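Okay, so here's the structure we're looking at.
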Amino acid sequence: MLHLCDLDDLHVGSARGFDAIEDGPRVFVVMQHGGRVAGYVDLCPHFWSTGLAWRRDAYLTPDRQHIRCAAHGALFGIDDGVCISGPCLGQRLTPVDLHIADGGIWLDPANLQQFRPSAPAER
């Protein structure tokens, strides 16, 4: 298991990006107001190679109620990752299974192998 951070390091209403696997996608986690932690692959479903943040850890809207794709303006629910506005309406962010234990947030890197971006197919 890969230790991402301590729960105390991820403040309520904030998001933080992590380089979880070498040459792979980043993962971001969100501390929900209800105490729930959610993790998603940092790629917009509108265009699979586009990261969500416009700068490091800038994933949330100013009111901290939604995740926003800086490239496309899509808005996603924090709890479920479903797009509620934008070019990928109804699609969802790819969730990542996180584990909360010993006061920390943990990730099994083997779970991310399936999310590695692939090169475009040749024509």
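Just remember, in the structure tokens the first chain shown is A, the second B, etc., residues are 1-based per chain, and ligands are 1-based in the order shown.
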
Exercise. Any idea what's packed within 12 Å of A:Pro62, counting only C-alpha atoms, ignoring anything in its chain fewer than 2 positions away? Could you give it as a PyMOL selection string?
Worked result: chain A and resi 13-15+58-60+64-68+75

Write out as an mmCIF file with N, CA and C atoms, in the first residue's frame the residues lying within 12 Å of A:Ala53, counting only C-alpha atoms and excluding same-chain residues fewer than 3 positions away.
data_model
loop_
_atom_site.group_PDB
_atom_site.id
_atom_site.type_symbol
_atom_site.label_atom_id
_atom_site.label_comp_id
_atom_site.auth_asym_id
_atom_site.auth_seq_id
_atom_site.Cartn_x
_atom_site.Cartn_y
_atom_site.Cartn_z
ATOM 1 N N ALA A 15 -8.754 19.802 -1.836
ATOM 2 C CA ALA A 15 -8.370 18.708 -2.721
ATOM 3 C C ALA A 15 -6.861 18.755 -2.880
ATOM 4 N N ARG A 16 -6.285 17.597 -3.080
ATOM 5 C CA ARG A 16 -4.833 17.537 -3.211
ATOM 6 C C ARG A 16 -4.473 16.476 -4.228
ATOM 7 N N GLY A 17 -3.535 16.780 -5.125
ATOM 8 C CA GLY A 17 -3.091 15.844 -6.145
ATOM 9 C C GLY A 17 -1.866 15.072 -5.693
ATOM 10 N N ARG A 26 -2.291 11.078 -12.110
ATOM 11 C CA ARG A 26 -2.314 11.598 -10.747
ATOM 12 C C ARG A 26 -3.647 11.225 -10.133
ATOM 13 N N VAL A 27 -3.697 11.172 -8.844
ATOM 14 C CA VAL A 27 -4.923 10.889 -8.119
ATOM 15 C C VAL A 27 -5.209 12.105 -7.268
ATOM 16 N N PHE A 28 -6.438 12.510 -7.154
ATOM 17 C CA PHE A 28 -6.709 13.550 -6.185
ATOM 18 C C PHE A 28 -7.755 13.065 -5.213
ATOM 19 N N VAL A 41 -9.235 9.525 -10.625
ATOM 20 C CA VAL A 41 -8.133 9.700 -11.566
ATOM 21 C C VAL A 41 -8.211 11.134 -12.085
ATOM 22 N N ASP A 42 -7.092 11.800 -12.155
ATOM 23 C CA ASP A 42 -7.029 13.207 -12.560
ATOM 24 C C ASP A 42 -7.055 13.339 -14.084
ATOM 25 N N LEU A 43 -8.126 12.866 -14.682
ATOM 26 C CA LEU A 43 -8.321 12.981 -16.125
ATOM 27 C C LEU A 43 -9.793 13.242 -16.395
ATOM 28 N N CYS A 44 -10.074 14.226 -17.241
ATOM 29 C CA CYS A 44 -11.445 14.578 -17.587
ATOM 30 C C CYS A 44 -12.016 13.536 -18.556
ATOM 31 N N THR A 50 -6.618 14.969 -20.628
ATOM 32 C CA THR A 50 -6.611 16.292 -20.014
ATOM 33 C C THR A 50 -6.774 16.190 -18.503
ATOM 34 N N ARG A 56 -1.434 23.201 -9.589
ATOM 35 C CA ARG A 56 -1.352 22.125 -8.590
ATOM 36 C C ARG A 56 -2.404 22.288 -7.486
ATOM 37 N N ASP A 57 -3.165 21.251 -7.274
ATOM 38 C CA ASP A 57 -4.176 21.152 -6.225
ATOM 39 C C ASP A 57 -5.367 22.086 -6.392
ATOM 40 N N ALA A 58 -5.516 22.734 -7.545
ATOM 41 C CA ALA A 58 -6.652 23.640 -7.788
ATOM 42 C C ALA A 58 -7.749 22.889 -8.553
ATOM 43 N N TYR A 59 -8.450 22.022 -7.857
ATOM 44 C CA TYR A 59 -9.470 21.166 -8.465
ATOM 45 C C TYR A 59 -10.888 21.649 -8.206
ATOM 46 N N LEU A 60 -11.096 22.367 -7.128
ATOM 47 C CA LEU A 60 -12.447 22.703 -6.699
ATOM 48 C C LEU A 60 -12.880 24.087 -7.169
ATOM 49 N N THR A 61 -14.194 24.258 -7.279
ATOM 50 C CA THR A 61 -14.761 25.574 -7.571
ATOM 51 C C THR A 61 -14.507 26.483 -6.362
ATOM 52 N N ILE A 67 -16.042 19.793 -8.309
ATOM 53 C CA ILE A 67 -14.749 19.640 -8.971
ATOM 54 C C ILE A 67 -14.915 20.252 -10.352
ATOM 55 N N ARG A 68 -13.924 21.036 -10.795
ATOM 56 C CA ARG A 68 -14.030 21.679 -12.101
ATOM 57 C C ARG A 68 -12.853 21.291 -12.983
ATOM 58 N N CYS A 69 -13.153 20.968 -14.244
ATOM 59 C CA CYS A 69 -12.113 20.755 -15.239
ATOM 60 C C CYS A 69 -11.733 22.129 -15.782
ATOM 61 N N ALA A 70 -10.508 22.530 -15.550
ATOM 62 C CA ALA A 70 -10.064 23.857 -15.972
ATOM 63 C C ALA A 70 -10.028 23.988 -17.492
ATOM 64 N N ALA A 71 -9.811 22.891 -18.204
ATOM 65 C CA ALA A 71 -9.713 22.948 -19.667
ATOM 66 C C ALA A 71 -11.072 23.090 -20.346
ATOM 67 N N HIS A 72 -12.104 22.420 -19.797
ATOM 68 C CA HIS A 72 -13.399 22.371 -20.471
ATOM 69 C C HIS A 72 -14.523 23.041 -19.691
ATOM 70 N N GLY A 73 -14.279 23.397 -18.432
ATOM 71 C CA GLY A 73 -15.296 24.019 -17.611
ATOM 72 C C GLY A 73 -16.338 23.069 -17.055
ATOM 73 N N ALA A 74 -16.159 21.778 -17.249
ATOM 74 C CA ALA A 74 -17.123 20.803 -16.730
ATOM 75 C C ALA A 74 -17.111 20.823 -15.205
ATOM 76 N N LEU A 75 -18.288 20.605 -14.608
ATOM 77 C CA LEU A 75 -18.416 20.526 -13.155
ATOM 78 C C LEU A 75 -18.838 19.115 -12.767
#

For this session: Work out how far atom CA of A:Gly39 is from atom CA of A:Asp108, in Å to one decimal.
Result: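 Atom CA of A:Gly39 lies at a distance of 12.2 Å from atom CA of A:Asp108.
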
Exercise. For A:Leu4, which of A:Ile84, A:Leu89, A:Val29, A:Val96 is the closest residue, counting only C-alpha atoms?
Worked result: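 Smallest distance to A:Leu4 is found for A:Val29.
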
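For the pair atom CA of A:His11 and atom CA of A:Phe76, the separation is 19.6 Å.
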
Excluding A:Val12 and any residue of its chain fewer than 2 positions from it, enumerate the residues within 10 Å of it, using only C-alpha atoms, and give them as a tab-separated table (two decimals) with N, CA and C atoms, in the first residue's frame.
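Heads up, here's the output in part.tsv:
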chain	number	residue	atom	x	y	z
A	7	LEU	N	-4.66	11.91	7.31
A	7	LEU	CA	-5.97	12.55	7.24
A	7	LEU	C	-5.90	14.00	7.70
A	8	ASP	N	-5.08	14.27	8.71
A	8	ASP	CA	-4.94	15.63	9.23
A	8	ASP	C	-4.33	16.59	8.21
A	9	ASP	N	-3.63	16.07	7.21
A	9	ASP	CA	-3.00	16.90	6.19
A	9	ASP	C	-3.96	17.30	5.07
A	10	LEU	N	-5.11	16.64	5.01
A	10	LEU	CA	-6.10	16.94	3.98
A	10	LEU	C	-7.27	17.62	4.67
A	14	SER	N	-10.94	20.65	0.92
A	14	SER	CA	-9.77	20.86	0.06
A	14	SER	C	-9.54	19.63	-0.81
A	15	ALA	N	-8.75	19.80	-1.84
A	15	ALA	CA	-8.37	18.71	-2.72
A	15	ALA	C	-6.86	18.76	-2.88
A	30	VAL	N	-10.49	14.21	-1.99
A	30	VAL	CA	-11.26	15.34	-1.48
A	30	VAL	C	-11.82	14.98	-0.12
A	31	MET	N	-11.62	15.83	0.86
A	31	MET	CA	-12.24	15.62	2.16
A	31	MET	C	-13.62	16.25	2.10
A	32	GLN	N	-14.61	15.43	2.13
A	32	GLN	CA	-15.99	15.90	2.08
A	32	GLN	C	-16.39	16.44	3.45
A	33	HIS	N	-17.33	17.34	3.45
A	33	HIS	CA	-17.77	17.94	4.71
A	33	HIS	C	-18.31	16.91	5.69
A	34	GLY	N	-18.84	15.83	5.20
A	34	GLY	CA	-19.35	14.77	6.06
A	34	GLY	C	-18.27	13.84	6.57
A	35	GLY	N	-17.02	14.14	6.30
A	35	GLY	CA	-15.91	13.31	6.74
A	35	GLY	C	-15.53	12.22	5.76
A	36	ARG	N	-16.13	12.18	4.60
A	36	ARG	CA	-15.84	11.17	3.59
A	36	ARG	C	-14.68	11.61	2.72
A	37	VAL	N	-13.81	10.67	2.36
A	37	VAL	CA	-12.70	10.93	1.45
A	37	VAL	C	-13.00	10.24	0.13
A	64	ARG	N	-16.14	25.55	-3.30
A	64	ARG	CA	-15.74	24.22	-2.85
A	64	ARG	C	-16.87	23.20	-2.86

Exercise. Could you state the separation of atom CA of A:Ala101 and atom CA of A:Asp6 in Å, given to one decimal place?
Worked result: 9.4 Å

For this session: Skip A:Leu93 itself and residues of its chain fewer than 2 positions away, then list as a count of residues only all residues within 7 Å of it, counting only C-alpha atoms.
Result: 7

For this session: Among the residues of chain A, find those DSSP assigns to strand (DSSP E or B) from the backbone and print them as a PyMOL selection string.
Result: chain A and resi 2-6+15-19+26-31+37-41+60+66-68+75-77+82-85+92+95+98-101+104-107

Exercise. Closest to A:Gly77 among A:Gly51, A:Pro109, A:Ala38, A:Asp102, using only C-alpha atoms?
Worked result: A:Ala38
